[in-house]
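Here is structure19.cif, consisting of mmCIF, C-alpha atoms and all ligand atoms:
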```cif
data_final
#
loop_
_atom_site.label_atom_id
_atom_site.label_comp_id
_atom_site.auth_asym_id
_atom_site.auth_seq_id
_atom_site.Cartn_x
_atom_site.Cartn_y
_atom_site.Cartn_z
CA MET A 1 46.97 26.07 6.93
CA ASN A 2 43.19 26.50 6.93
CA TYR A 3 42.31 25.92 10.60
CA GLU A 4 38.61 26.50 10.00
CA LYS A 5 38.64 23.54 7.59
CA GLN A 6 40.69 21.49 10.05
CA TYR A 7 38.12 22.18 12.82
CA TYR A 8 35.64 20.01 10.89
CA GLU A 9 38.12 17.15 10.61
CA TYR A 10 37.82 16.56 14.36
CA ASP A 11 36.43 13.01 14.57
CA GLY A 12 34.67 13.66 17.90
CA PHE A 13 32.08 15.76 16.08
CA TRP A 14 31.06 12.81 13.93
CA SER A 15 31.79 9.55 15.73
CA ASP A 16 29.07 9.76 18.41
CA TYR A 17 26.16 8.53 16.36
CA GLU A 18 23.84 8.17 19.33
CA THR A 19 24.20 11.87 20.19
CA SER A 20 23.79 12.84 16.54
CA TYR A 21 20.58 10.84 16.48
CA LYS A 22 19.19 12.41 19.66
CA ASN A 23 20.06 15.94 18.51
CA ASN A 24 18.64 15.54 15.03
CA ILE A 25 15.74 13.12 15.14
CA GLU A 26 12.97 15.74 15.33
CA LYS A 27 14.46 17.72 12.46
CA ILE A 28 14.88 14.53 10.44
CA ASN A 29 11.27 13.50 11.00
CA ILE A 30 10.03 16.92 9.86
CA SER A 31 12.26 16.62 6.79
CA PHE A 32 10.75 13.23 5.97
CA GLU A 33 7.31 14.85 6.08
CA PHE A 34 8.58 17.65 3.83
CA ILE A 35 9.77 15.24 1.10
CA GLN A 36 7.07 15.46 -1.57
CA PRO A 37 5.74 12.41 -3.46
CA ASP A 38 7.26 13.55 -6.80
CA VAL A 39 10.82 13.55 -5.41
CA LYS A 40 13.02 10.80 -6.90
CA THR A 41 16.52 12.24 -6.30
CA ILE A 42 17.88 13.93 -3.17
CA LEU A 43 21.15 15.65 -2.45
CA ASP A 44 22.23 15.89 1.20
CA ALA A 45 24.48 18.95 1.02
CA ALA A 46 27.27 19.05 3.60
CA CYS A 47 25.89 15.85 5.09
CA GLY A 48 28.26 15.61 8.08
CA ASN A 49 28.33 12.05 9.41
CA GLY A 50 25.27 11.19 7.31
CA ILE A 51 22.79 10.93 10.14
CA PHE A 52 20.04 12.16 7.79
CA THR A 53 21.25 10.37 4.64
CA ASN A 54 21.70 7.02 6.36
CA MET A 55 18.18 7.12 7.79
CA LEU A 56 16.82 8.33 4.45
CA ILE A 57 18.23 5.42 2.40
CA GLU A 58 16.88 2.99 4.94
CA LYS A 59 13.40 4.51 5.00
CA TYR A 60 13.11 5.21 1.25
CA PRO A 61 15.22 2.60 -0.59
CA ASP A 62 13.75 3.68 -3.96
CA LEU A 63 15.10 7.22 -3.71
CA LYS A 64 18.41 8.09 -5.32
CA VAL A 65 20.39 9.73 -2.53
CA VAL A 66 23.71 11.51 -3.01
CA ALA A 67 25.68 13.17 -0.21
CA PHE A 68 28.79 15.30 0.06
CA ASP A 69 30.82 17.02 2.74
CA ARG A 70 34.11 18.90 2.96
CA SER A 71 35.20 16.76 5.93
CA GLU A 72 36.82 13.40 5.22
CA ALA A 73 36.43 12.49 8.90
CA ALA A 74 32.66 13.02 8.64
CA LEU A 75 32.23 11.26 5.33
CA LYS A 76 33.60 7.97 6.70
CA TYR A 77 30.23 7.39 8.38
CA VAL A 78 28.07 8.05 5.30
CA LYS A 79 26.53 5.00 3.65
CA ALA A 80 25.20 6.55 0.41
CA GLU A 81 26.97 7.62 -2.79
CA LYS A 82 29.29 10.35 -1.49
CA PHE A 83 31.74 13.02 -2.56
CA ILE A 84 34.29 15.29 -0.94
CA ALA A 85 33.20 18.77 -1.99
CA GLU A 86 32.69 22.35 -0.84
CA ILE A 87 29.17 23.70 -0.62
CA ASN A 88 30.00 26.87 -2.54
CA GLN A 89 31.35 24.86 -5.47
CA MET A 90 29.36 21.68 -5.97
CA PRO A 91 30.41 19.13 -8.59
CA PHE A 92 26.83 18.72 -9.88
CA LYS A 93 24.79 19.85 -12.88
CA ASP A 94 22.07 22.50 -12.80
CA ALA A 95 18.77 21.06 -11.49
CA GLN A 96 20.38 17.64 -11.02
CA PHE A 97 18.35 16.83 -7.89
CA ASP A 98 14.59 17.05 -7.31
CA CYS A 99 15.30 18.09 -3.75
CA VAL A 100 18.35 19.47 -1.95
CA VAL A 101 18.58 19.16 1.82
CA ALA A 102 21.05 21.11 3.99
CA HIS A 103 20.82 20.62 7.74
CA ASP A 104 23.05 22.52 10.18
CA VAL A 105 25.12 23.92 7.37
CA ILE A 106 24.40 27.49 6.36
CA GLU A 107 24.76 28.92 9.90
CA HIS A 108 28.42 27.81 9.72
CA LEU A 109 29.31 29.71 6.55
CA PRO A 110 31.41 32.88 6.52
CA VAL A 111 30.60 35.94 4.41
CA GLY A 112 31.19 35.24 0.73
CA VAL A 113 30.96 31.46 1.05
CA TYR A 114 27.43 31.85 2.46
CA GLU A 115 26.11 33.78 -0.53
CA GLN A 116 27.77 31.41 -3.01
CA ALA A 117 26.37 28.41 -1.13
CA LEU A 118 22.76 29.63 -1.33
CA LYS A 119 23.24 30.19 -5.04
CA GLU A 120 24.71 26.71 -5.49
CA ILE A 121 21.92 25.01 -3.54
CA ALA A 122 19.32 26.79 -5.70
CA ARG A 123 21.29 25.91 -8.86
CA VAL A 124 21.41 22.14 -8.31
CA ALA A 125 17.84 21.92 -6.90
CA LYS A 126 15.19 21.29 -9.53
CA LYS A 127 12.07 21.79 -7.42
CA TYR A 128 12.50 21.62 -3.64
CA ILE A 129 14.93 22.74 -0.96
CA ILE A 130 14.81 21.75 2.71
CA ILE A 131 16.93 23.77 5.15
CA GLY A 132 17.45 23.11 8.85
CA VAL A 133 19.07 25.75 11.09
CA PRO A 134 19.03 26.75 14.77
CA ASN A 135 15.95 28.84 15.50
CA ASP A 136 16.85 32.47 16.24
CA GLU A 137 20.13 31.51 17.87
CA LYS A 138 21.97 34.01 20.06
CA VAL A 139 25.30 33.14 18.50
CA LEU A 140 27.58 34.67 21.14
CA ASP A 141 25.71 33.03 24.04
CA ARG A 142 27.74 29.93 23.27
CA SER A 143 31.13 31.41 22.71
CA THR A 144 34.58 30.43 23.82
CA GLN A 145 37.93 32.21 23.85
CA CYS A 146 41.13 30.81 22.40
CA PRO A 147 43.76 30.76 25.21
CA SER A 148 46.46 31.49 22.67
CA CYS A 149 45.30 34.17 20.22
CA LYS A 150 42.35 35.34 22.42
CA ALA A 151 39.85 35.17 19.57
CA ILE A 152 36.25 34.75 20.77
CA PHE A 153 33.96 32.62 18.65
CA ASN A 154 30.83 30.46 18.84
CA TYR A 155 32.20 27.03 19.71
CA ASP A 156 30.06 25.28 17.10
CA LEU A 157 31.48 27.80 14.58
CA HIS A 158 28.03 29.26 13.97
CA MET A 159 28.55 32.58 12.25
CA ARG A 160 25.00 33.79 11.72
CA SER A 161 21.50 33.46 13.08
CA PHE A 162 18.16 32.88 11.34
CA SER A 163 14.72 34.23 12.20
CA LYS A 164 11.53 32.98 10.53
CA GLU A 165 11.40 36.22 8.52
CA LYS A 166 14.90 35.66 7.20
CA MET A 167 14.12 32.04 6.31
CA ASN A 168 11.00 33.10 4.47
CA ASP A 169 13.07 35.11 1.98
CA LEU A 170 16.15 32.88 1.86
CA PHE A 171 15.81 31.72 -1.76
CA SER A 172 13.35 34.25 -3.18
CA ALA A 173 16.11 35.71 -5.38
CA TYR A 174 16.35 32.30 -7.09
CA GLY A 175 12.62 31.73 -7.58
CA PHE A 176 12.06 29.41 -4.61
CA LYS A 177 9.12 30.24 -2.32
CA CYS A 178 9.04 29.24 1.32
CA LYS A 179 6.07 26.86 1.66
CA GLN A 180 6.37 25.83 5.32
CA ILE A 181 8.47 26.52 8.39
CA ARG A 182 8.34 24.34 11.46
CA THR A 183 10.26 24.60 14.71
CA CYS A 184 11.20 21.68 16.93
CA ASP A 185 13.61 20.47 19.59
CA LYS A 186 11.93 22.15 22.53
CA ASN A 187 14.36 22.67 25.36
CA THR A 188 14.01 24.10 28.81
CA PHE A 189 16.60 26.45 30.21
CA PHE A 190 17.01 28.64 33.24
CA ILE A 191 15.95 32.25 32.90
CA GLY A 192 19.13 34.30 33.12
CA HIS A 193 21.14 31.12 32.62
CA LYS A 194 24.25 33.05 31.58
CA TRP A 195 24.31 34.68 35.02
CA TYR A 196 23.63 31.28 36.59
CA VAL A 197 26.47 29.60 34.71
CA ASN A 198 28.86 32.42 35.59
CA ILE A 199 28.19 31.89 39.29
CA PHE A 200 27.84 28.14 39.62
CA TYR A 201 29.97 26.91 36.73
CA SER A 202 32.57 29.63 36.45
CA GLU A 203 35.28 27.00 35.98
CA GLN A 204 33.40 25.69 32.94
CA LYS A 205 33.20 29.13 31.40
CA LYS A 206 36.98 29.37 31.31
CA GLU A 207 37.41 26.07 29.48
CA PHE A 208 38.33 26.20 25.83
CA LYS A 209 35.33 24.55 24.22
CA ALA A 210 36.66 23.79 20.75
CA PRO A 211 38.98 21.06 19.51
CA ILE A 212 41.01 23.62 17.56
CA CYS A 213 41.02 27.40 17.27
CA PRO A 214 39.83 28.28 13.73
CA ILE A 215 41.99 31.42 13.75
CA CYS A 216 45.43 30.31 15.02
CA GLY A 217 45.19 26.51 15.15
CA TYR A 218 45.73 26.24 18.92
CA SER A 219 44.61 22.83 20.16
CA GLU A 220 44.27 21.11 23.55
CA VAL A 221 43.86 17.41 24.28
CA ALA A 222 40.46 16.54 22.91
CA PRO A 223 38.02 15.53 25.66
CA GLU A 224 34.56 14.04 25.10
CA ARG A 225 32.76 17.29 25.79
CA PHE A 226 33.17 18.37 22.19
CA SER A 227 31.00 15.55 20.93
CA ASN A 228 28.21 17.80 19.79
CA VAL A 229 26.56 18.45 23.17
CA GLY A 230 25.58 21.95 22.09
CA HIS A 231 23.09 23.91 24.18
CA ARG A 232 22.10 20.87 26.24
CA ALA A 233 25.27 21.27 28.26
CA ILE A 234 23.70 24.10 30.26
CA VAL A 235 20.80 22.19 31.82
CA ASN A 236 22.01 18.60 31.74
CA ASN A 237 25.35 19.31 33.27
CA LYS A 238 27.00 16.51 35.17
CA THR A 239 27.55 17.58 38.76
CA ALA A 240 30.43 16.74 41.01
CA THR A 241 29.86 15.23 44.46
CA GLY A 242 30.28 17.13 47.70
CA LEU A 243 28.49 19.85 49.64
CA PHE A 244 29.01 22.64 47.12
CA ALA A 245 27.64 20.38 44.41
CA LYS A 246 24.50 19.79 46.51
CA LEU A 247 24.10 23.51 47.14
CA LYS A 248 24.29 24.07 43.41
CA GLN A 249 21.20 21.88 43.02
CA ILE A 250 18.99 24.18 45.14
CA PRO A 251 18.78 27.08 42.68
CA LYS A 252 18.41 24.53 39.88
CA ALA A 253 15.24 23.20 41.51
CA ILE A 254 13.55 26.52 42.20
CA TRP A 255 14.90 28.68 39.42
CA PRO A 256 12.26 29.81 36.89
CA LYS A 257 12.64 28.12 33.54
CA ARG A 258 11.57 28.89 30.00
CA SER A 259 11.01 26.67 26.99
CA PHE A 260 12.19 27.40 23.51
CA ASP A 261 12.27 25.54 20.19
CA TYR A 262 15.94 25.40 19.27
CA GLU A 263 15.65 24.19 15.71
CA MET A 264 13.81 25.29 12.59
CA VAL A 265 13.18 23.44 9.34
CA ALA A 266 11.90 25.12 6.18
CA LEU A 267 10.57 23.77 2.88
CA PHE A 268 11.05 25.79 -0.32
CA GLU A 269 9.50 25.12 -3.70
CA LYS A 270 10.13 26.46 -7.19
ZN ZN B 1 43.56 31.03 18.54
#
```
Turn the structure described in the file into structure tokens.
Ligand SMILES: [Zn+2]
Amino acid sequence: MNYEKQYYEYDGFWSDYETSYKNNIEKINISFEFIQPDVKTILDAACGNGIFTNMLIEKYPDLKVVAFDRSEAALKYVKAEKFIAEINQMPFKDAQFDCVVAHDVIEHLPVGVYEQALKEIARVAKKYIIIGVPNDEKVLDRSTQCPSCKAIFNYDLHMRSFSKEKMNDLFSAYGFKCKQIRTCDKNTFFIGHKWYVNIFYSEQKKEFKAPICPICGYSEVAPERFSNVGHRAIVNNKTATGLFAKLKQIPKAIWPKRSFDYEMVALFEK
């Protein structure tokens, strides 16, 4: 059994469209600006629940939009022409699409698959590539431990992090130059928030934060908290009632905070 593949079949990741919209709207708007006037065909690679594709076909009805994902659960929500496929082995011809878009995809890919995926994206893209990833993510800051096999992993299954420098060179081996990089999704967090969470939300730290362990397949009852809350969970945490809960609010109010753009979108051209 491939538990990593099964992880992405968890419907809670895909069914909450409102959260998908909130988490992705800035990145989607930048992508719309990145779509050049000569683009007639677009591939949304590993499209997830189609949050980008579905908005794209509505906004640009004249574009030919094709989408694929490995997850059947995700693909249910996609309204364009769609395929079940793996990103490192796409069922498309060389240069079949004027533009290939991949949002929140390549940070999830393990060694081997990652390299093949970049090659595949460059192969099926005729002229443009648009890539969205977390901006300089500290991957282990959002980790969880499997209660059964004790494996520690990023609970969004992010396996790598991207700086602007890395993005700049991402497709240079395939003749694509990085034309623009923009960051977005500014979020505020507490300085030393790991320390803060350890003290005030120690019970939360112990929770298993994935629907299924990608290593051994361990699974708990699936609560709502897996519905793609991501880094927002730290600041926007729901608080319980009672005196201790009120005390917890005091450091929240006075604690120094810092802002950071959590997402990055890059445009490449051949
Ligand atoms: Zn496990």
Within 9 Å of segment 206-208 of chain A using all atoms listed in the file, minus same-chain residues under 3 positions, as a PyMOL selection string: chain A and resi 144-147+155+202-203+211+220
Minimum-distance residue to ligand ZN 1 (chain B), chosen among A:Cys216, A:Ile254, A:Val101, A:Val39 (using all atoms listed in the file): A:Cys216
Length of the atom CA of Gln89 of chain A to atom CA of Glu72 of chain A vector [Å]: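 So the two atoms, atom CA of Gln89 of chain A and atom CA of Glu72 of chain A, lie 16.6 Å apart.
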Contacts with ligand ZN 1 (chain B) at most 6 Å, only C-alpha atoms and all ligand atoms counted, listed as a ChimeraX atom specification: /A:146,148-151,213,215-218
Contacts of segment 62-69 of chain A within 8 Å, only C-alpha atoms, excl. fewer than 2 positions in-chain, as a list in words: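 That gives Val39, Lys40, Thr41, Ile42, Leu43, Asp44, Ala45, Ala46, Cys47, Gly48, Gly50, Thr53, Leu56, Ile57, Tyr60, Ser71, Glu72, Ala74, Leu75, Val78, Ala80, Glu81, Lys82, Phe83, Ile84, Ala85, Glu86 and Ile87 of chain A.
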Shortest interatomic distance to Tyr21 of chain A - which of A:Ile35, A:Ile106, A:Ile250, A:Met55, counting all atoms listed in the file: A:Met55
For atom CA of Glu137 of chain A and atom CA of Arg160 of chain A, the interatomic separation in Å (one decimal):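 These two atoms are separated by 8.2 Å.
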Atomic separation - atom CA of Asp261 of chain A relative to atom CA of Ile28 of chain A, Å: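 Between atom CA of Ile28 of chain A and atom CA of Asp261 of chain A the gap works out to 14.9 Å.
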Selection: 12 Å around Tyr196 of chain A, only C-alpha atoms, excl. self and same-chain fewer than 4 positions, as a PyMOL selection string: chain A and resi 189-192+200-202+204-205+234-235+248-249+251-252+255-257
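Using all atoms listed in the file, the smallest distance between any of A:Leu140, A:Ala266, A:Ala102, A:Leu243 and Glu120 of chain A comes from A:Ala102.
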Contact residues around Met167 of chain A with only C-alpha atoms at 9 Å, ignoring same-chain residues under 5 positions, as a ChimeraX atom specification: /A:131,162,178,181,266
Val133 of chain A environment, 6 Å, only C-alpha atoms, sequence neighbours closer than 4 positions dropped, as a ChimeraX atom specification: /A:104,263-264
Residue with smallest distance to Lys127 of chain A - pool A:Glu18, A:Asp141, A:Glu107, A:Asp38, counting only C-alpha atoms: A:Asp38
Option closest in space to Ala173 of chain A, from A:Asn198, A:His108, A:Lys270, A:Asp98 [counting all atoms listed in the file]: A:Lys270
